[in-house]
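Okay, protein_38.cif now, which holds mmCIF, C-alpha atoms:
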data_work
#
loop_
_atom_site.label_atom_id
_atom_site.label_comp_id
_atom_site.auth_asym_id
_atom_site.auth_seq_id
_atom_site.Cartn_x
_atom_site.Cartn_y
_atom_site.Cartn_z
CA MET A 19 130.90 34.88 123.08
CA LEU A 20 132.38 34.36 126.54
CA SER A 21 130.68 35.95 129.50
CA PRO A 22 132.69 38.89 130.91
CA LYS A 23 133.55 37.03 134.12
CA SER A 24 134.72 33.91 132.29
CA ALA A 25 136.69 36.00 129.81
CA GLU A 26 138.55 37.62 132.69
CA THR A 27 139.33 34.23 134.25
CA VAL A 28 140.44 32.65 130.97
CA ARG A 29 142.68 35.62 130.20
CA ALA A 30 144.33 35.27 133.61
CA THR A 31 144.79 31.49 133.41
CA LEU A 32 145.56 31.06 129.71
CA PRO A 33 149.37 31.31 130.21
CA ALA A 34 149.29 28.59 132.87
CA VAL A 35 147.04 26.31 130.83
CA SER A 36 149.05 26.90 127.65
CA GLY A 37 152.32 26.27 129.50
CA ALA A 38 151.09 22.90 130.75
CA ILE A 39 148.99 21.93 127.73
CA GLY A 40 151.46 19.28 126.53
CA GLU A 41 151.34 17.50 129.89
CA ILE A 42 147.57 17.98 130.11
CA THR A 43 146.86 16.48 126.70
CA ALA A 44 149.21 13.53 127.25
CA LEU A 45 147.37 12.69 130.46
CA PHE A 46 144.00 13.31 128.77
CA TYR A 47 144.63 10.72 126.07
CA GLU A 48 145.94 8.25 128.64
CA LYS A 49 142.72 8.62 130.62
CA LEU A 50 140.52 8.57 127.51
CA PHE A 51 142.00 5.41 126.04
CA THR A 52 142.07 3.64 129.39
CA ALA A 53 138.33 4.25 129.74
CA HIS A 54 137.54 3.79 126.02
CA PRO A 55 140.22 1.62 124.34
CA GLU A 56 137.95 1.13 121.32
CA LEU A 57 138.51 4.76 120.33
CA LEU A 58 142.23 4.19 119.77
CA ARG A 59 141.58 1.04 117.75
CA HIS A 60 138.71 2.30 115.63
CA LEU A 61 138.81 6.11 115.41
CA PHE A 62 142.08 7.77 116.41
CA ASN A 63 145.23 7.42 114.30
CA ARG A 64 147.50 5.08 116.26
CA GLY A 65 150.60 6.37 114.51
CA ASN A 66 149.87 9.97 115.52
CA GLN A 67 149.29 8.82 119.08
CA ALA A 68 152.61 6.98 119.07
CA ASN A 69 154.62 9.98 117.88
CA GLY A 70 152.74 12.54 120.01
CA SER A 71 151.48 14.72 117.15
CA GLN A 72 147.82 14.17 118.07
CA ARG A 73 148.45 15.71 121.49
CA GLN A 74 149.97 18.77 119.85
CA ALA A 75 146.90 19.16 117.64
CA LEU A 76 144.43 19.13 120.52
CA ALA A 77 146.62 21.51 122.48
CA GLY A 78 146.86 23.87 119.52
CA ALA A 79 143.12 23.80 118.85
CA VAL A 80 142.06 24.48 122.45
CA ALA A 81 144.68 27.19 123.00
CA ALA A 82 143.95 28.86 119.65
CA PHE A 83 140.20 28.87 120.25
CA ALA A 84 140.56 30.32 123.77
CA SER A 85 143.02 32.95 122.56
CA ARG A 86 140.72 34.09 119.78
CA LEU A 87 137.77 34.33 122.15
CA ILE A 88 139.87 36.66 124.29
CA GLU A 89 141.46 38.68 121.50
CA HIS A 90 138.36 39.02 119.32
CA PRO A 91 135.31 38.55 121.56
CA GLU A 92 133.04 40.06 118.91
CA ARG A 93 133.54 37.23 116.41
CA ARG A 94 133.86 33.46 116.49
CA PRO A 95 136.85 31.79 114.74
CA ASP A 96 134.62 30.20 112.12
CA ALA A 97 137.43 29.34 109.69
CA MET A 98 139.22 27.18 112.25
CA LEU A 99 135.97 25.57 113.41
CA THR A 100 134.87 24.78 109.86
CA ARG A 101 138.20 23.12 109.07
CA ILE A 102 137.93 20.88 112.15
CA ALA A 103 134.24 20.17 111.53
CA HIS A 104 134.93 18.89 108.01
CA LYS A 105 137.53 16.49 109.43
CA HIS A 106 135.13 15.28 112.13
CA ALA A 107 132.21 14.88 109.71
CA SER A 108 134.41 12.84 107.39
CA LEU A 109 135.32 10.54 110.29
CA GLY A 110 131.72 10.22 111.45
CA VAL A 111 132.49 11.64 114.91
CA PRO A 112 129.19 11.47 116.88
CA ALA A 113 127.99 14.33 119.08
CA ASP A 114 127.88 12.07 122.13
CA GLN A 115 131.68 11.92 122.18
CA TYR A 116 132.00 15.56 123.20
CA PRO A 117 130.86 14.94 126.83
CA ILE A 118 133.32 12.02 127.02
CA VAL A 119 136.17 14.22 125.82
CA ARG A 120 135.16 16.95 128.26
CA GLU A 121 135.16 14.52 131.20
CA HIS A 122 138.70 13.25 130.65
CA LEU A 123 140.15 16.58 129.51
CA PHE A 124 138.99 18.40 132.64
CA ALA A 125 140.16 15.52 134.84
CA ALA A 126 143.61 15.90 133.28
CA ILE A 127 143.58 19.70 133.78
CA ALA A 128 142.69 19.27 137.46
CA GLU A 129 145.40 16.66 138.01
CA VAL A 130 148.15 18.66 136.29
CA LEU A 131 147.35 22.13 137.67
CA GLY A 132 146.20 20.98 141.11
CA ASP A 133 144.97 23.64 143.51
CA ALA A 134 145.08 26.31 140.78
CA VAL A 135 141.95 24.75 139.30
CA THR A 136 139.29 26.45 141.40
CA ASP A 137 135.55 26.19 140.79
CA GLU A 138 135.74 29.57 139.07
CA VAL A 139 138.48 28.34 136.70
CA VAL A 140 136.50 25.19 135.91
CA ARG A 141 133.38 27.20 135.10
CA ALA A 142 135.30 29.57 132.82
CA TRP A 143 137.09 26.86 130.85
CA ASP A 144 133.93 24.78 130.75
CA GLU A 145 132.31 27.72 128.98
CA VAL A 146 135.18 27.79 126.48
CA TYR A 147 134.91 24.07 125.87
CA TRP A 148 131.17 24.03 125.27
CA LEU A 149 131.26 27.13 123.06
CA MET A 150 133.70 25.26 120.85
CA ALA A 151 131.94 21.89 121.12
CA HIS A 152 128.43 23.17 120.37
CA ALA A 153 129.71 25.18 117.41
CA LEU A 154 131.46 22.10 116.02
CA ILE A 155 128.44 19.86 116.60
CA ALA A 156 126.20 22.29 114.71
CA VAL A 157 128.56 22.57 111.73
CA GLU A 158 129.19 18.82 111.64
CA LYS A 159 125.46 18.11 111.65
CA ARG A 160 124.91 20.52 108.76
CA LEU A 161 127.78 19.06 106.75
CA SER A 162 126.56 15.49 107.29
CA THR A 163 123.04 16.43 106.24
CA GLU A 164 124.34 18.13 103.08
CA ALA A 165 126.39 15.00 102.32
CA GLY A 166 123.28 12.81 102.63
CA VAL A 167 124.33 11.14 105.90
CA PRO A 168 122.26 13.02 108.50
CA ASP A 169 122.72 10.32 111.16
CA GLY A 170 126.50 10.36 110.84
CA GLU A 171 126.59 6.95 109.12
CA VAL A 172 129.34 8.03 106.74
CA TRP A 173 130.68 4.63 105.71
CA ARG A 174 129.68 3.13 102.38
CA PRO A 175 131.26 0.14 100.62
CA TYR A 176 133.24 0.90 97.46
CA ARG A 177 134.79 -1.66 95.15
CA VAL A 178 138.36 -1.07 94.01
CA ALA A 179 137.87 -1.03 90.25
CA ALA A 180 141.53 -0.43 89.38
CA ARG A 181 144.94 0.31 90.80
CA ILE A 182 147.55 2.43 88.99
CA GLN A 183 151.15 2.56 90.22
CA GLU A 184 152.17 6.21 89.80
CA THR A 185 155.67 5.90 91.32
CA ASP A 186 157.43 3.37 93.53
CA GLU A 187 155.82 5.09 96.54
CA VAL A 188 152.43 6.26 95.22
CA ALA A 189 149.46 4.22 93.98
CA THR A 190 146.14 5.47 92.64
CA PHE A 191 142.93 3.58 93.45
CA ILE A 192 139.75 3.94 91.36
CA LEU A 193 136.73 3.36 93.61
CA ARG A 194 133.15 2.69 92.56
CA PRO A 195 130.11 2.23 94.84
CA ALA A 196 129.59 -1.48 95.52
CA ASP A 197 125.81 -1.01 95.31
CA GLY A 198 125.99 0.60 91.87
CA ALA A 199 124.28 3.78 93.12
CA PRO A 200 125.58 7.21 92.02
CA VAL A 201 128.69 8.62 93.66
CA PRO A 202 128.12 11.65 95.91
CA PRO A 203 128.98 15.07 94.46
CA SER A 204 132.38 16.54 95.20
CA ARG A 205 134.26 19.78 94.69
CA PRO A 206 137.86 20.12 93.46
CA GLY A 207 140.16 19.97 96.50
CA GLN A 208 138.01 17.77 98.74
CA TYR A 209 138.99 14.47 100.36
CA VAL A 210 137.39 11.25 101.56
CA SER A 211 138.07 9.09 104.61
CA VAL A 212 138.99 5.46 104.02
CA GLN A 213 138.53 2.85 106.75
CA VAL A 214 140.34 -0.50 106.62
CA GLN A 215 140.40 -3.42 109.01
CA LEU A 216 143.98 -4.32 109.85
CA PRO A 217 145.23 -7.84 110.69
CA ASP A 218 144.90 -7.20 114.44
CA GLY A 219 141.20 -6.31 114.02
CA ALA A 220 141.62 -2.55 114.45
CA ARG A 221 139.64 -0.38 112.03
CA GLN A 222 141.92 2.53 111.22
CA ILE A 223 140.91 5.60 109.20
CA ARG A 224 142.92 7.93 106.98
CA GLN A 225 141.89 10.84 104.77
CA TYR A 226 143.00 11.14 101.14
CA SER A 227 142.45 13.93 98.62
CA LEU A 228 140.47 13.21 95.49
CA SER A 229 143.05 13.18 92.72
CA GLY A 230 140.36 12.90 90.07
CA GLN A 231 136.76 11.91 89.52
CA PRO A 232 136.39 9.17 86.92
CA ASP A 233 132.99 8.29 85.51
CA ALA A 234 130.76 6.79 88.22
CA GLY A 235 133.59 6.68 90.72
CA LEU A 236 136.12 8.36 92.99
CA GLN A 237 139.88 8.45 92.68
CA ILE A 238 142.40 8.64 95.52
CA SER A 239 146.18 8.42 95.45
CA VAL A 240 148.10 7.04 98.43
CA LYS A 241 151.75 7.41 99.32
CA ARG A 242 153.24 4.53 101.29
CA VAL A 243 154.56 6.05 104.53
CA PRO A 244 157.70 4.32 105.86
CA ALA A 245 159.00 4.51 109.40
CA ALA A 246 161.06 7.69 109.82
CA ARG A 247 162.99 9.65 112.41
CA ARG A 248 161.88 13.27 112.81
CA PRO A 249 164.55 15.79 113.88
CA GLY A 250 164.57 15.92 117.67
CA ALA A 251 162.07 13.07 118.05
CA PRO A 252 162.85 10.51 120.76
CA SER A 253 161.99 7.55 118.51
CA ASP A 254 161.07 6.65 114.96
CA ASP A 255 157.64 7.56 113.63
CA PRO A 256 155.91 4.26 112.89
CA ALA A 257 155.25 3.26 109.32
CA GLY A 258 151.83 4.23 107.99
CA GLU A 259 149.44 1.42 108.88
CA VAL A 260 146.71 2.21 106.37
CA SER A 261 148.97 3.29 103.50
CA GLY A 262 151.08 0.16 104.03
CA TYR A 263 147.99 -2.03 104.03
CA LEU A 264 146.60 -0.46 100.86
CA HIS A 265 149.90 -0.83 99.02
CA ALA A 266 150.46 -4.42 100.14
CA HIS A 267 146.96 -5.89 99.98
CA VAL A 268 144.71 -3.85 97.67
CA HIS A 269 145.22 -4.53 93.97
CA GLY A 270 141.70 -4.50 92.52
CA GLY A 271 138.38 -6.15 93.32
CA GLU A 272 138.57 -5.56 97.07
CA THR A 273 135.95 -3.58 99.01
CA LEU A 274 136.82 -0.53 101.09
CA ARG A 275 134.64 1.55 103.41
CA VAL A 276 134.69 5.17 102.21
CA SER A 277 133.07 8.41 103.40
CA PRO A 278 131.42 11.06 101.21
CA PRO A 279 133.73 13.88 100.10
CA PHE A 280 134.38 16.64 102.65
CA GLY A 281 136.79 19.57 102.96
CA ASP A 282 136.52 23.34 102.78
CA VAL A 283 139.70 24.12 100.80
CA VAL A 284 138.02 23.96 97.42
CA LEU A 285 138.42 25.67 94.08
CA SER A 286 135.87 28.40 93.54
CA ASP A 287 134.14 28.58 90.16
CA GLU A 288 133.09 32.16 90.88
CA ASP A 289 136.61 33.56 90.61
CA ASP A 290 138.27 34.14 87.26
CA GLY A 291 141.48 35.77 88.49
CA PRO A 292 145.03 34.33 88.37
CA LEU A 293 145.52 31.05 90.17
CA LEU A 294 148.59 29.50 91.81
CA LEU A 295 148.59 25.81 92.75
CA ALA A 296 151.67 25.05 94.88
CA SER A 297 152.41 21.57 96.15
CA ALA A 298 155.18 19.31 97.39
CA GLY A 299 155.34 15.53 97.26
CA ILE A 300 151.99 13.80 97.63
CA GLY A 301 150.45 17.25 98.17
CA CYS A 302 150.02 17.33 94.39
CA THR A 303 146.89 15.14 94.61
CA PRO A 304 144.29 17.90 95.26
CA MET A 305 146.09 20.11 92.74
CA VAL A 306 145.75 17.48 90.01
CA GLY A 307 142.05 17.28 90.85
CA MET A 308 141.76 21.06 90.55
CA LEU A 309 143.63 21.09 87.23
CA ALA A 310 141.38 18.34 85.87
CA HIS A 311 138.34 20.45 86.80
CA LEU A 312 139.79 23.56 85.16
CA ALA A 313 140.67 21.65 81.99
CA ALA A 314 137.23 20.02 81.78
CA ALA A 315 135.56 23.42 82.23
CA GLY A 316 137.68 25.00 79.49
CA SER A 317 138.98 27.61 81.95
CA ARG A 318 140.88 30.56 80.49
CA ARG A 319 142.31 31.68 83.84
CA ARG A 320 146.00 32.44 84.23
CA VAL A 321 147.28 29.33 86.06
CA ILE A 322 150.69 28.68 87.61
CA ALA A 323 151.19 25.04 88.61
CA ALA A 324 154.19 24.87 90.97
CA HIS A 325 155.46 21.59 92.38
CA ALA A 326 158.47 20.46 94.42
CA ASP A 327 159.73 16.90 94.69
CA ARG A 328 162.91 14.93 95.24
CA SER A 329 163.31 14.02 91.56
CA PRO A 330 161.25 13.40 88.42
CA ALA A 331 161.13 9.71 89.35
CA THR A 332 159.40 10.45 92.68
CA HIS A 333 157.02 13.06 91.22
CA PRO A 334 153.49 11.58 91.08
CA PHE A 335 151.25 12.65 88.19
CA ARG A 336 154.12 14.28 86.31
CA THR A 337 152.61 13.25 82.96
CA ASP A 338 149.11 14.24 84.08
CA LEU A 339 150.39 17.63 85.22
CA HIS A 340 151.74 18.43 81.75
CA ARG A 341 148.73 16.93 80.00
CA LEU A 342 146.22 18.97 82.01
CA THR A 343 148.10 22.27 81.98
CA GLY A 344 148.67 21.75 78.26
CA LYS A 345 144.90 21.95 77.81
CA LEU A 346 144.76 25.38 79.49
CA PRO A 347 145.49 28.34 77.21
CA ASP A 348 147.28 30.44 79.85
CA ALA A 349 149.07 27.95 82.11
CA THR A 350 152.71 27.54 83.04
CA THR A 351 154.45 24.86 85.11
CA GLU A 352 157.25 25.55 87.60
CA LEU A 353 159.11 22.52 88.98
CA TRP A 354 161.76 22.20 91.68
CA TYR A 355 163.63 18.92 92.14
CA GLU A 356 165.70 18.72 95.29
CA ASP A 357 168.12 16.17 93.84
CA GLY A 358 168.34 18.02 90.54
CA LEU A 359 168.09 16.47 87.07
CA ARG A 360 170.15 13.60 85.72
CA TYR A 361 170.54 12.10 82.29
CA GLY A 362 167.91 9.43 81.93
CA ASP A 363 165.20 11.38 83.73
CA GLY A 364 163.46 11.97 80.42
CA LEU A 365 163.89 15.74 80.80
CA PRO A 366 166.44 18.17 79.35
CA TYR A 367 169.41 18.68 81.65
CA GLU A 368 169.53 22.49 81.63
CA ASP A 369 168.72 23.70 85.14
CA GLY A 370 166.40 26.69 85.40
CA LEU A 371 165.55 26.83 81.70
CA PRO A 372 162.18 26.24 80.00
CA TYR A 373 161.72 23.02 78.09
CA GLY A 374 159.05 21.53 75.87
CA ASP A 375 158.07 18.47 77.92
CA GLU A 376 159.21 15.93 75.35
CA GLY A 377 160.12 13.43 78.05
CA ALA A 378 156.90 13.60 80.04
CA GLY A 379 154.65 13.10 77.04
CA ARG A 380 153.38 15.99 74.96
CA PRO A 381 149.65 16.48 75.55
CA THR A 382 147.27 15.91 72.69
CA GLY A 383 144.50 18.30 71.80
CA GLY A 384 146.32 21.38 73.11
CA ALA A 385 149.61 23.21 72.98
CA ALA A 386 152.37 22.19 75.37
CA GLU A 387 152.66 24.70 78.19
CA PRO A 388 155.93 26.44 79.11
CA VAL A 389 157.74 24.45 81.81
CA THR A 390 160.69 25.49 83.93
CA VAL A 391 162.71 23.09 86.06
CA ARG A 392 165.01 24.21 88.89
CA THR A 393 167.24 22.43 91.35
CA GLY A 394 166.56 22.70 95.08
CA ARG A 395 163.49 23.49 97.14
CA MET A 396 160.57 25.58 95.93
CA ASP A 397 161.26 29.29 95.99
CA LEU A 398 158.38 31.37 94.68
CA THR A 399 160.51 34.51 94.78
CA GLN A 400 162.05 33.16 91.57
CA ILE A 401 158.82 33.61 89.60
CA ALA A 402 156.47 36.51 88.94
CA ILE A 403 153.21 36.24 90.88
CA PRO A 404 150.44 38.15 89.03
CA ALA A 405 148.44 40.75 90.90
CA GLY A 406 145.15 39.40 92.19
CA THR A 407 146.42 35.81 92.49
CA THR A 408 144.54 33.27 94.60
CA ALA A 409 146.84 30.54 95.92
CA TYR A 410 146.18 26.96 97.05
CA LEU A 411 148.89 25.10 98.96
CA CYS A 412 149.25 21.44 99.92
CA GLY A 413 152.24 19.58 101.27
CA PRO A 414 154.20 19.14 104.50
CA VAL A 415 153.54 21.86 107.07
CA PRO A 416 157.11 23.30 106.95
CA PHE A 417 156.80 23.59 103.17
CA MET A 418 153.47 25.42 103.42
CA LYS A 419 154.76 27.80 106.09
CA THR A 420 157.71 28.73 103.88
CA VAL A 421 155.65 29.13 100.70
CA ARG A 422 152.95 31.10 102.52
CA ALA A 423 155.58 33.50 103.87
CA GLN A 424 156.97 33.98 100.35
CA LEU A 425 153.51 34.73 98.98
CA LEU A 426 152.77 37.22 101.75
CA ALA A 427 156.10 38.94 101.08
CA SER A 428 155.23 39.13 97.37
CA GLY A 429 152.01 40.97 98.18
CA VAL A 430 149.41 38.18 98.06
CA PRO A 431 146.88 38.94 100.83
CA ALA A 432 146.50 36.29 103.54
CA ARG A 433 142.79 35.91 102.70
CA HIS A 434 143.78 34.77 99.20
CA ILE A 435 146.05 31.95 100.44
CA HIS A 436 144.27 28.65 101.10
CA TYR A 437 145.90 25.50 102.42
CA GLU A 438 145.06 21.99 103.54
CA VAL A 439 146.79 20.23 106.44
CA PHE A 440 146.48 16.45 106.55
CA GLY A 441 147.19 14.72 109.83
CA PRO A 442 146.74 16.33 113.23
CA ASP A 443 149.02 19.34 112.84
CA LEU A 444 146.90 22.47 113.26
CA GLY A 445 149.89 24.74 113.67
CA LEU A 446 149.49 26.45 110.31
CA GLN A 447 145.79 27.19 110.86
CA ALA A 448 146.40 28.39 114.42
#
Here is the file; what I need is its structure written in the form of structure tokens.
Amino acid sequence: MLSPKSAETVRATLPAVSGAIGEITALFYEKLFTAHPELLRHLFNRGNQANGSQRQALAGAVAAFASRLIEHPERRPDAMLTRIAHKHASLGVPADQYPIVREHLFAAIAEVLGDAVTDEVVRAWDEVYWLMAHALIAVEKRLSTEAGVPDGEVWRPYRVAARIQETDEVATFILRPADGAPVPPSRPGQYVSVQVQLPDGARQIRQYSLSGQPDAGLQISVKRVPAARRPGAPSDDPAGEVSGYLHAHVHGGETLRVSPPFGDVVLSDEDDGPLLLASAGIGCTPMVGMLAHLAAAGSRRRVIAAHADRSPATHPFRTDLHRLTGKLPDATTELWYEDGLRYGDGLPYEDGLPYGDEGAGRPTGGAAEPVTVRTGRMDLTQIAIPAGTTAYLCGPVPFMKTVRAQLLASGVPARHIHYEVFGPDLGLQA
């Protein structure tokens, strides 16, 4: 909780800081990487630095934390802090980096805001920073201890036991500990960090959802990220360095450095109410992991598996989706394909009508679930959402914002809507 004097100062200066936060964070990273170039090579995502999205994430986190301290002084924003702490713990961020970040962030604030940054302002925002930092350090330490890496040494060598090409853009990698020791426990919906050494010597890290848990191993699925132009962006987003490396150079037998599973958006075994799993594109990976868990547990919950993609050909785990939901006695599948259906897709051509999944492979050991395919983008107003539904979302941030709004409008309480954001965009959480 902020002291009353600091709260007053932060409230008065928050508009000025928020208005300049883009300039402040750009200067902060410039100062940080000038003083510590190894951080850009071995910890921070160089692609997100190049396109500016990392700056937006830091700005959003600081502004959101300060705003919540002001608006709700009686409670700490634990949900936001826990989400960030899981990301940091997965990356092995050490506590001694927080003073380094503080040094360069406050130097950037002073340079951008000039004479407005009085000693009183510095003291107030310093209190905000350390409230957030100490809370994160405490949660990160607890998470690392629970994961069996109390000293933050998260990296462990895994051998790539197999590679499966799901689509032209998505490959699945089966990973097993190189030392033969047991894999760490995981929960449906969690992710691991993967660190690779690129040709220029940089060790870059990316986080990937567990798309399954094979015997004595972990399973991740990676979409190759090409260079792309975002609307309004001054230049192309660079191609994904790690995804490109994995697709081009990892075929089986190689060794990767992998963290234990982390992540707080997980399927609860304590709930038996209706469940909606909504995904788009590669966002289907945690949902497939959740469905595999439900099928293995013999769940009798009402389950709606909703997925949006460009076409059946670009839809990863399409066969697995039907196989797993076919094992659940009260599951239905709702699909949206932006490009529509064409002859040769292996699916009936009737848009918006149920079909029996003959093309995707009828599951064995269970009845085929009802499946409906529609053309266009996902629109959950087209289906009936049962009362008491808990929803899990994963996909691009614009997709999740739209779907979340549709669920809220249909009466699903905000506390029952869970979502995972990969990359630095904290806009949805904030």
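For the pair CA of Gln115 in chain A and CA of Leu61 in chain A, the interatomic distance is 11.4 Å.
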From the list A:Pro117, A:Gly394, A:Gly258, A:Pro206, which residue is nearest Met308 in chain A when using only C-alpha atoms?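 Looking at the shortest contact to Met308 in chain A, the residue is A:Pro206.
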With distances taken over all atoms listed in the file, which residue among A:Ser211, A:Ser428, A:Thr273, A:Thr185 lies nearest Gly299 in chain A? A:Thr185
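Those residues returned by the PyMOL selection byres ((chain A and resi 224) around 7) for this file are Ser211, Val212, Gln213, Gln222, Ile223, Gln225, Tyr226 and Val260 of chain A.
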Using all atoms listed in the file, the residue out of A:Glu145, A:Asp327, A:Asp348, A:Glu129 with shortest distance to Met396 in chain A is A:Asp327
CA of Gly262 in chain A and CA of Gly358 in chain A are how many Å apart?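 For CA of Gly262 in chain A relative to CA of Gly358 in chain A, the distance reads 28.3 Å.
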Residue with smallest distance to Arg422 in chain A - pool A:Ile300, A:Ile39, A:Val178, A:Leu295, counting all atoms listed in the file: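 Among A:Ile300, A:Ile39, A:Val178, A:Leu295, it is A:Leu295 that comes nearest to Arg422 in chain A.
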For Ala82 in chain A, which of A:Ile42, A:Ala310, A:Ile118, A:Val35 is the closest residue, counting all atoms listed in the file?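 Ranked by minimum distance to Ala82 in chain A, first place goes to A:Val35.
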Completed range 83-102 of chain A (N, CA and C atoms) as an mmCIF file, in the frame of the given file:
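As written to disk, selection.cif reads:
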data_model
loop_
_atom_site.group_PDB
_atom_site.id
_atom_site.type_symbol
_atom_site.label_atom_id
_atom_site.label_comp_id
_atom_site.auth_asym_id
_atom_site.auth_seq_id
_atom_site.Cartn_x
_atom_site.Cartn_y
_atom_site.Cartn_z
ATOM 1 N N PHE A 83 141.589 28.463 120.101
ATOM 2 C CA PHE A 83 140.200 28.870 120.250
ATOM 3 C C PHE A 83 140.047 29.810 121.446
ATOM 4 N N ALA A 84 140.644 29.461 122.584
ATOM 5 C CA ALA A 84 140.560 30.320 123.770
ATOM 6 C C ALA A 84 141.196 31.679 123.502
ATOM 7 N N SER A 85 142.341 31.683 122.845
ATOM 8 C CA SER A 85 143.020 32.950 122.560
ATOM 9 C C SER A 85 142.176 33.853 121.679
ATOM 10 N N ARG A 86 141.525 33.262 120.684
ATOM 11 C CA ARG A 86 140.720 34.090 119.780
ATOM 12 C C ARG A 86 139.461 34.603 120.461
ATOM 13 N N LEU A 87 138.911 33.820 121.384
ATOM 14 C CA LEU A 87 137.770 34.330 122.150
ATOM 15 C C LEU A 87 138.166 35.546 122.971
ATOM 16 N N ILE A 88 139.390 35.540 123.469
ATOM 17 C CA ILE A 88 139.870 36.660 124.290
ATOM 18 C C ILE A 88 140.233 37.855 123.422
ATOM 19 N N GLU A 89 140.960 37.583 122.319
ATOM 20 C CA GLU A 89 141.460 38.680 121.500
ATOM 21 C C GLU A 89 140.367 39.311 120.644
ATOM 22 N N HIS A 90 139.419 38.508 120.199
ATOM 23 C CA HIS A 90 138.360 39.020 119.320
ATOM 24 C C HIS A 90 137.008 38.538 119.837
ATOM 25 N N PRO A 91 136.564 39.041 120.953
ATOM 26 C CA PRO A 91 135.310 38.550 121.560
ATOM 27 C C PRO A 91 134.081 38.803 120.693
ATOM 28 N N GLU A 92 134.207 39.712 119.730
ATOM 29 C CA GLU A 92 133.040 40.060 118.910
ATOM 30 C C GLU A 92 132.801 39.070 117.779
ATOM 31 N N ARG A 93 133.752 38.180 117.505
ATOM 32 C CA ARG A 93 133.540 37.230 116.410
ATOM 33 C C ARG A 93 134.127 35.863 116.758
ATOM 34 N N ARG A 94 133.454 34.845 116.251
ATOM 35 C CA ARG A 94 133.860 33.460 116.490
ATOM 36 C C ARG A 94 134.856 33.045 115.412
ATOM 37 N N PRO A 95 135.862 32.232 115.750
ATOM 38 C CA PRO A 95 136.850 31.790 114.740
ATOM 39 C C PRO A 95 136.271 30.725 113.814
ATOM 40 N N ASP A 96 135.353 31.151 112.942
ATOM 41 C CA ASP A 96 134.620 30.200 112.120
ATOM 42 C C ASP A 96 135.511 29.418 111.167
ATOM 43 N N ALA A 97 136.570 30.046 110.650
ATOM 44 C CA ALA A 97 137.430 29.340 109.690
ATOM 45 C C ALA A 97 138.079 28.124 110.339
ATOM 46 N N MET A 98 138.600 28.306 111.549
ATOM 47 C CA MET A 98 139.220 27.180 112.250
ATOM 48 C C MET A 98 138.190 26.114 112.573
ATOM 49 N N LEU A 99 137.006 26.533 113.048
ATOM 50 C CA LEU A 99 135.970 25.570 113.410
ATOM 51 C C LEU A 99 135.494 24.788 112.191
ATOM 52 N N THR A 100 135.325 25.467 111.065
ATOM 53 C CA THR A 100 134.870 24.780 109.860
ATOM 54 C C THR A 100 135.868 23.740 109.404
ATOM 55 N N ARG A 101 137.158 24.073 109.467
ATOM 56 C CA ARG A 101 138.200 23.120 109.070
ATOM 57 C C ARG A 101 138.125 21.853 109.924
ATOM 58 N N ILE A 102 138.012 22.030 111.246
ATOM 59 C CA ILE A 102 137.930 20.880 112.150
ATOM 60 C C ILE A 102 136.640 20.114 111.917
#
